[in-house]
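*Asks:* Below is coords08.txt; it holds compact mmCIF, C-alpha atoms.
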```txt
# COMPACT_ATOMS: atom_id res chain seq x y z
CA MET Y 1 -55.88 -28.89 57.37
CA LYS Y 2 -59.59 -29.62 57.01
CA PHE Y 3 -58.87 -33.33 57.21
CA SER Y 4 -56.88 -32.83 60.43
CA ILE Y 5 -59.69 -30.83 62.04
CA LEU Y 6 -62.25 -33.43 60.95
CA PHE Y 7 -60.05 -36.22 62.35
CA LEU Y 8 -59.70 -34.42 65.71
CA CYS Y 9 -63.48 -33.85 65.92
CA LEU Y 10 -64.23 -37.51 65.19
CA SER Y 11 -61.59 -38.63 67.73
CA GLY Y 12 -63.08 -36.33 70.39
CA ALA Y 13 -66.59 -37.56 69.66
CA ALA Y 14 -65.45 -41.17 69.92
CA ALA Y 15 -63.68 -40.50 73.21
CA PHE Y 16 -66.74 -38.68 74.54
CA SER Y 17 -69.02 -41.56 73.61
CA ILE Y 18 -66.72 -44.11 75.27
CA ALA Y 19 -65.96 -42.17 78.49
CA PRO Y 20 -69.50 -42.18 79.92
CA ALA Y 21 -69.71 -45.94 79.57
CA THR Y 22 -66.51 -46.33 81.59
CA LEU Y 23 -67.64 -43.82 84.22
CA LYS Y 24 -71.05 -45.40 84.42
CA SER Y 25 -69.54 -48.78 85.10
CA SER Y 26 -67.29 -47.42 87.88
CA SER Y 27 -70.13 -45.41 89.41
CA THR Y 28 -72.42 -48.45 89.38
CA SER Y 29 -69.77 -50.53 91.10
CA ALA Y 30 -69.23 -47.85 93.78
CA LEU Y 31 -72.95 -47.50 94.43
CA SER Y 32 -73.39 -51.23 94.63
CA ALA Y 33 -70.61 -51.51 97.19
CA SER Y 34 -71.91 -48.64 99.32
CA SER Y 35 -75.52 -49.80 99.27
CA ALA Y 36 -74.70 -53.36 100.29
CA HIS Y 37 -76.22 -54.03 103.70
CA PRO Y 38 -74.20 -55.89 106.35
CA PRO Y 39 -75.67 -59.09 107.77
CA ARG Y 40 -78.40 -58.58 110.39
CA GLY Y 41 -76.90 -57.96 113.83
CA GLN Y 42 -73.41 -57.22 112.52
CA GLY Y 43 -71.75 -54.33 114.32
CA ASP Y 44 -68.45 -52.56 114.62
CA ASP Y 45 -65.27 -54.45 115.49
CA TRP Y 46 -64.86 -52.78 118.87
CA SER Y 47 -68.24 -53.35 120.51
CA SER Y 48 -69.80 -56.09 118.32
CA LYS Y 49 -73.03 -54.12 118.64
CA PRO Y 50 -75.17 -52.69 115.82
CA LEU Y 51 -73.98 -49.28 114.73
CA LYS Y 52 -77.54 -47.96 115.09
CA SER Y 53 -79.75 -48.90 117.99
CA PRO Y 54 -83.42 -49.61 117.27
CA LYS Y 55 -85.47 -46.43 117.19
CA LYS Y 56 -87.60 -47.58 120.10
CA ASP Y 57 -84.55 -48.02 122.33
CA ARG Y 58 -83.24 -44.57 121.43
CA THR Y 59 -86.43 -42.63 122.14
CA THR Y 60 -88.31 -44.45 124.90
CA PRO Y 61 -87.89 -42.76 128.31
CA LYS Y 62 -86.89 -45.17 131.05
CA ALA Y 63 -86.56 -44.78 134.82
CA VAL Y 64 -83.38 -45.97 136.51
CA ARG Y 65 -85.49 -46.98 139.50
CA ASN Y 66 -89.20 -47.85 139.47
CA VAL Y 67 -90.90 -46.18 142.44
CA ASN Y 68 -94.58 -46.57 143.34
CA TRP Y 69 -96.75 -43.83 144.82
CA LEU Y 70 -96.43 -45.06 148.41
CA SER Y 71 -92.62 -45.14 148.24
CA LYS Y 72 -92.57 -41.57 146.91
CA GLN Y 73 -94.63 -40.41 149.89
CA LYS Y 74 -92.05 -41.86 152.28
CA ILE Y 75 -89.20 -39.87 150.73
CA GLY Y 76 -88.64 -36.60 152.55
CA ASP Y 77 -88.44 -33.16 150.98
CA VAL Y 78 -84.95 -32.13 149.88
CA VAL Y 79 -83.55 -28.65 149.23
CA LEU Y 80 -80.63 -28.85 146.81
CA ASP Y 81 -77.40 -27.07 147.70
CA ALA Y 82 -76.37 -24.02 145.71
CA ASP Y 83 -73.39 -24.41 143.38
CA TYR Y 84 -71.27 -21.36 142.54
CA THR Y 85 -68.94 -23.18 140.14
CA LEU Y 86 -70.54 -21.67 137.04
CA THR Y 87 -70.49 -18.21 138.62
CA TRP Y 88 -66.77 -18.40 139.36
CA ALA Y 89 -66.02 -19.80 135.91
CA PHE Y 90 -67.63 -16.82 134.14
CA ALA Y 91 -66.11 -14.37 136.63
CA LEU Y 92 -62.60 -15.68 135.89
CA LEU Y 93 -63.18 -15.72 132.15
CA GLY Y 94 -63.77 -11.96 132.13
CA PRO Y 95 -60.23 -10.84 133.12
CA LEU Y 96 -58.70 -13.61 131.00
CA ILE Y 97 -60.52 -12.40 127.89
CA ILE Y 98 -59.42 -8.81 128.55
CA SER Y 99 -55.79 -9.86 129.14
CA TYR Y 100 -55.34 -12.32 126.31
CA HIS Y 101 -57.43 -10.77 123.54
CA PRO Y 102 -55.08 -9.48 120.80
CA SER Y 103 -54.43 -5.77 120.94
CA TYR Y 104 -54.48 -3.84 117.67
CA ALA Y 105 -53.29 -0.56 119.19
CA ILE Y 106 -49.76 0.75 118.65
CA ASP Y 107 -49.18 1.05 122.40
CA ASN Y 108 -50.56 -2.49 123.03
CA SER Y 109 -53.37 -1.13 125.17
CA PRO Y 110 -56.27 -3.55 125.87
CA SER Y 111 -58.56 -4.19 122.94
CA LEU Y 112 -62.03 -2.66 123.09
CA ILE Y 113 -63.44 -5.96 121.85
CA GLY Y 114 -61.63 -7.78 124.65
CA ILE Y 115 -62.88 -5.28 127.23
CA ALA Y 116 -66.46 -5.62 125.99
CA GLY Y 117 -66.26 -9.43 125.98
CA GLY Y 118 -64.69 -9.57 129.42
CA ALA Y 119 -67.19 -7.11 130.86
CA PHE Y 120 -70.08 -9.15 129.48
CA HIS Y 121 -68.79 -12.33 131.15
CA MET Y 122 -68.27 -10.56 134.49
CA LEU Y 123 -71.73 -9.00 134.28
CA PHE Y 124 -73.24 -12.39 133.56
CA ALA Y 125 -71.29 -13.84 136.50
CA SER Y 126 -72.88 -11.19 138.75
CA LEU Y 127 -76.34 -12.21 137.55
CA LEU Y 128 -75.53 -15.88 138.18
CA TRP Y 129 -74.29 -15.03 141.67
CA VAL Y 130 -77.58 -13.31 142.52
CA GLN Y 131 -79.65 -16.19 141.16
CA THR Y 132 -77.50 -18.86 142.82
CA ARG Y 133 -77.79 -17.08 146.16
CA ARG Y 134 -81.56 -16.59 146.18
CA VAL Y 135 -83.04 -19.49 144.15
CA ARG Y 136 -83.41 -23.01 145.51
CA CYS Y 137 -84.60 -26.21 143.81
CA VAL Y 138 -86.79 -28.23 146.18
CA PHE Y 139 -87.81 -31.87 145.65
CA GLU Y 140 -91.12 -32.67 147.31
CA LYS Y 141 -93.46 -35.68 147.45
CA ASP Y 142 -94.80 -35.71 143.91
CA SER Y 143 -93.00 -32.85 142.17
CA PHE Y 144 -90.07 -30.45 142.30
CA GLU Y 145 -90.25 -26.68 142.33
CA PHE Y 146 -88.07 -23.58 142.31
CA TYR Y 147 -88.41 -21.20 145.25
CA ASN Y 148 -86.95 -17.83 146.21
CA ILE Y 149 -85.27 -17.45 149.59
CA LYS Y 150 -86.58 -14.57 151.69
CA GLY Y 151 -85.51 -13.31 155.08
CA PRO Y 152 -82.40 -12.34 157.06
CA SER Y 153 -79.20 -12.81 155.04
CA LEU Y 154 -81.01 -15.41 152.93
CA ASP Y 155 -79.85 -17.92 155.53
CA PHE Y 156 -82.15 -20.63 156.86
CA GLU Y 157 -80.23 -20.75 160.14
CA LYS Y 158 -81.02 -17.06 160.68
CA GLY Y 159 -84.72 -17.40 160.02
CA ALA Y 160 -84.98 -17.20 156.22
CA TRP Y 161 -87.84 -18.96 154.47
CA LEU Y 162 -88.86 -20.20 151.01
CA GLU Y 163 -91.36 -18.31 148.90
CA LYS Y 164 -93.00 -19.38 145.65
CA LYS Y 165 -91.56 -17.86 142.50
CA PRO Y 166 -93.79 -16.00 140.02
CA ASP Y 167 -95.33 -18.07 137.21
CA ASN Y 168 -93.08 -19.22 134.40
CA TYR Y 169 -92.67 -16.33 131.93
CA VAL Y 170 -92.65 -18.66 128.90
CA SER Y 171 -95.63 -20.93 129.54
CA GLY Y 172 -97.46 -18.89 132.18
CA THR Y 173 -97.66 -21.90 134.53
CA GLU Y 174 -96.19 -22.52 137.99
CA ASN Y 175 -92.51 -23.36 138.29
CA ARG Y 176 -93.53 -26.74 139.64
CA TRP Y 177 -93.50 -30.02 137.72
CA LYS Y 178 -94.74 -33.49 138.64
CA TYR Y 179 -92.30 -36.36 138.37
CA ASP Y 180 -94.78 -38.49 136.43
CA THR Y 181 -94.95 -35.93 133.61
CA ILE Y 182 -91.19 -35.56 133.10
CA ILE Y 183 -89.99 -37.59 130.11
CA ASN Y 184 -86.34 -36.54 129.89
CA TYR Y 185 -83.58 -34.54 131.57
CA GLY Y 186 -79.88 -33.94 131.06
CA PHE Y 187 -76.87 -31.67 131.48
CA PHE Y 188 -74.96 -29.70 128.85
CA PRO Y 189 -72.18 -30.01 127.96
CA SER Y 190 -71.80 -32.65 130.69
CA GLN Y 191 -72.70 -33.52 134.26
CA GLU Y 192 -69.12 -32.71 135.29
CA PHE Y 193 -69.45 -29.12 134.01
CA PRO Y 194 -73.18 -28.37 133.72
CA VAL Y 195 -73.60 -24.98 132.09
CA ILE Y 196 -77.23 -25.80 131.29
CA VAL Y 197 -79.64 -28.21 132.98
CA TYR Y 198 -82.46 -29.45 130.78
CA PHE Y 199 -85.70 -31.33 131.35
CA LYS Y 200 -88.86 -31.94 129.35
CA GLU Y 201 -92.38 -32.40 130.67
CA THR Y 202 -95.89 -32.90 129.33
CA GLU Y 203 -97.78 -31.16 132.15
CA THR Y 204 -97.76 -27.80 130.41
CA PRO Y 205 -100.83 -27.38 128.15
CA LYS Y 206 -100.04 -28.53 124.63
CA GLU Y 207 -100.91 -25.17 123.08
CA GLN Y 208 -98.02 -23.66 125.07
CA TRP Y 209 -95.41 -26.03 123.64
CA GLY Y 210 -92.82 -24.76 121.20
CA LYS Y 211 -92.47 -21.18 122.48
CA TRP Y 212 -89.18 -19.28 122.77
CA PHE Y 213 -86.20 -21.65 123.02
CA ALA Y 214 -88.55 -24.64 123.00
CA ALA Y 215 -88.96 -24.06 119.26
CA PHE Y 216 -85.46 -25.53 118.77
CA ASP Y 217 -86.57 -28.89 120.19
CA SER Y 218 -86.60 -31.26 117.21
CA TYR Y 219 -88.18 -34.18 119.12
CA GLN Y 220 -91.35 -32.29 120.10
CA GLY Y 221 -93.82 -34.24 122.26
CA GLY Y 222 -93.48 -31.99 125.31
CA GLN Y 223 -92.33 -28.69 126.77
CA PRO Y 224 -88.55 -28.42 127.34
CA HIS Y 225 -87.08 -26.21 130.07
CA PHE Y 226 -83.56 -24.89 130.53
CA PHE Y 227 -81.88 -23.31 133.53
CA PRO Y 228 -78.22 -22.59 134.40
CA GLY Y 229 -76.37 -25.05 136.61
CA ILE Y 230 -76.78 -22.99 139.78
CA CYS Y 231 -77.73 -25.98 141.94
CA ASN Y 232 -75.81 -29.14 142.78
CA VAL Y 233 -76.49 -31.22 139.66
CA ASN Y 234 -75.23 -34.42 141.28
CA GLN Y 235 -77.95 -34.03 143.90
CA PHE Y 236 -80.42 -33.13 141.15
CA LYS Y 237 -79.70 -36.35 139.26
CA GLU Y 238 -79.72 -38.39 142.47
CA GLN Y 239 -83.18 -37.09 143.42
CA MET Y 240 -84.51 -37.65 139.90
CA GLU Y 241 -83.37 -41.26 139.97
CA LEU Y 242 -84.52 -41.79 143.56
CA ARG Y 243 -88.05 -40.65 142.69
CA GLY Y 244 -88.30 -42.72 139.50
CA VAL Y 245 -88.17 -39.92 136.94
CA LYS Y 246 -87.86 -41.17 133.37
CA ARG Y 247 -85.02 -40.28 131.06
CA LYS Y 248 -83.99 -41.05 127.48
CA GLU Y 249 -80.70 -42.90 127.60
CA ILE Y 250 -78.09 -41.77 125.10
CA PRO Y 251 -76.70 -44.86 123.31
CA THR Y 252 -72.90 -45.04 123.14
CA TYR Y 253 -70.43 -47.69 122.02
CA LYS Y 254 -69.03 -47.89 125.53
CA LYS Y 255 -72.41 -48.64 127.07
CA ALA Y 256 -73.16 -51.17 124.35
CA ASN Y 257 -69.85 -52.93 125.02
CA ASN Y 258 -70.49 -53.08 128.78
CA LYS Y 259 -73.75 -54.95 128.18
CA ASN Y 260 -71.88 -57.86 126.60
```
Could I get this structure in the form of structure tokens?
*Replies:*
Amino acid sequence: MKFSILFLCLSGAAAFSIAPATLKSSSTSALSASSAHPPRGQGDDWSSKPLKSPKKDRTTPKAVRNVNWLSKQKIGDVVLDADYTLTWAFALLGPLIISYHPSYAIDNSPSLIGIAGGAFHMLFASLLWVQTRRVRCVFEKDSFEFYNIKGPSLDFEKGAWLEKKPDNYVSGTENRWKYDTIINYGFFPSQEFPVIVYFKETETPKEQWGKWFAAFDSYQGGQPHFFPGICNVNQFKEQMELRGVKRKEIPTYKKANNKN
């Protein structure tokens, strides 16, 4: 019995001493294969472009159209149209959430969670409707600004006028930004359905950067701003490009393939 136990212990020790050597060899082979670098310039099979663009190309803001100061002065002021798409989307989501949220009651009455969620969306839609109706984005000679509409029925044809909005509650500065200081802008989740419009500028004093939602900006280097898509974003992008505003292009395989 003692001999059997001793034999099993020695066999286990021998197996233990051999196993790491085998695992070490396999691990080394796997690491060597994964750390092998592809030839310079080699890319994926579909686009024949490098899988990672150079850092400079990914982060350098570029203007679609270079516009000098004189050309900017010749471009007239433009008031962007209001867009109620986001308002209607949230307004319709409210009843849908109430109707389709699972009911846990015996009589299948609407769920309190569904009612609360639907009411929140409809309340938010009401807020968006008010903001969309009274706020206008205006592109001027050297900068763009948000104004409030004042006057009869908030209608320009009936004598309404534009009035400056109060200072920005985050940075304490005017809601006006020069085109030359804007280094990026975009739409989330997409330009086709812009829930949030984003832009970043360097005009705001540096000590004001990084407050509130701006703290989530991992790139730093400026003050980001966010506002709901209550204006016509196609016009917004058109005016940004027309006036030579810079933007950081997002590299994609499709764009890389089109450059070939």
*Asks:* Fewer than 6 positions away in the same chain doesn't count, so skip those; otherwise give me all residues within 12 Å of Leu127 of chain Y, counting only C-alpha atoms, as number ranges by chain.
*Replies:* Y: 84, 86-88, 90-91, 120-121, 133-135, 228, 230
*Asks:* May I have the residues within 9 Å of Asp81 of chain Y as a ChimeraX atom specification, using only C-alpha atoms and disregarding those fewer than 2 positions away in the same chain?
*Replies:* /Y:79,83,136-137,230-232,235
*Asks:* Work out how far apart atom CA of Ala125 of chain Y and atom CA of Glu140 of chain Y are and give it in Å to one decimal.
*Replies:*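 So the two atoms, atom CA of Ala125 of chain Y and atom CA of Glu140 of chain Y, lie 29.4 Å apart.
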*Asks:* Find the spatial neighbours of Trp209 of chain Y, counting all atoms listed in the file, within a cut-off of 8 Å - ignore same-chain residues fewer than 5 positions away - and output them as number ranges by chain.
*Replies:* Y: 171, 204, 214, 222-223
*Asks:* Neighbours of Pro194 of chain Y within 6 Å (only C-alpha atoms; same-chain residues fewer than 6 positions away dropped), as a PyMOL selection string?
*Replies:* chain Y and resi 187-188+229
*Asks:* Just how far from atom CA of Val245 of chain Y is atom CA of Thr181 of chain Y, in Å to one decimal?
*Replies:*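 Taking atom CA of Thr181 of chain Y as the start and atom CA of Val245 of chain Y as the end point, the length is 8.5 Å.
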*Asks:* Which residue, Y:Glu145, Y:Asp77, Y:Ser126, Y:Leu93, has the smallest gap to Thr173 of chain Y when you use all atoms listed in the file?
*Replies:*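 So, comparing all the options, the nearest one is Y:Glu145.
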*Asks:* Distance atom CA of Arg243 of chain Y-atom CA of Phe139 of chain Y, one decimal place?
*Replies:* 9.3 Å
*Asks:* Would you mind telling me which residue in Y:Phe193, Y:Phe144, Y:Phe226, Y:Tyr198 lies nearest to Glu174 of chain Y when using all atoms listed in the file?
*Replies:*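 Checking each of Y:Phe193, Y:Phe144, Y:Phe226, Y:Tyr198 against Glu174 of chain Y, counting all atoms listed in the file, the winner is Y:Phe144.
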*Asks:* Between Y:Gly118, Y:Lys246, Y:Asn184, Y:Lys237, single out the one closest to Leu80 of chain Y, counting only C-alpha atoms.
*Replies:*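 Among the listed residues, the smallest separation from Leu80 of chain Y belongs to Y:Lys237.
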*Asks:* Point out the residue among Y:Gly221, Y:Trp129, Y:Arg247, Y:Pro102 with the least atom-to-atom distance to Glu207 of chain Y, counting all atoms listed in the file.
*Replies:*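 Checking each candidate against Glu207 of chain Y, we get Y:Gly221 as the closest.
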*Asks:* Take every atom of segment 199-207 of chain Y listed in the file, pad by 6 Å on each side, and give me the axis-aligned box centre and edge lengths in Å, one decimal, as lines of an AutoDock Vina configuration file.
*Replies:*
```
center_x = -93.3
center_y = -29.0
center_z = 127.6
size_x = 27.2
size_y = 19.7
size_z = 21.1
```
*Asks:* Counting only C-alpha atoms, which residue out of Y:Lys248, Y:Tyr179, Y:Gly186, Y:Leu154 sits closest to Val130 of chain Y?
*Replies:*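 Using only C-alpha atoms, the shortest distance to Val130 of chain Y belongs to Y:Leu154.
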*Asks:* Check the smallest atom-to-atom distance from each of Y:Pro224, Y:Pro61, Y:Gly151, Y:Pro95 to Pro110 of chain Y using all atoms listed in the file, then report the winner.
*Replies:*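 Using all atoms listed in the file, the shortest distance to Pro110 of chain Y belongs to Y:Pro95.
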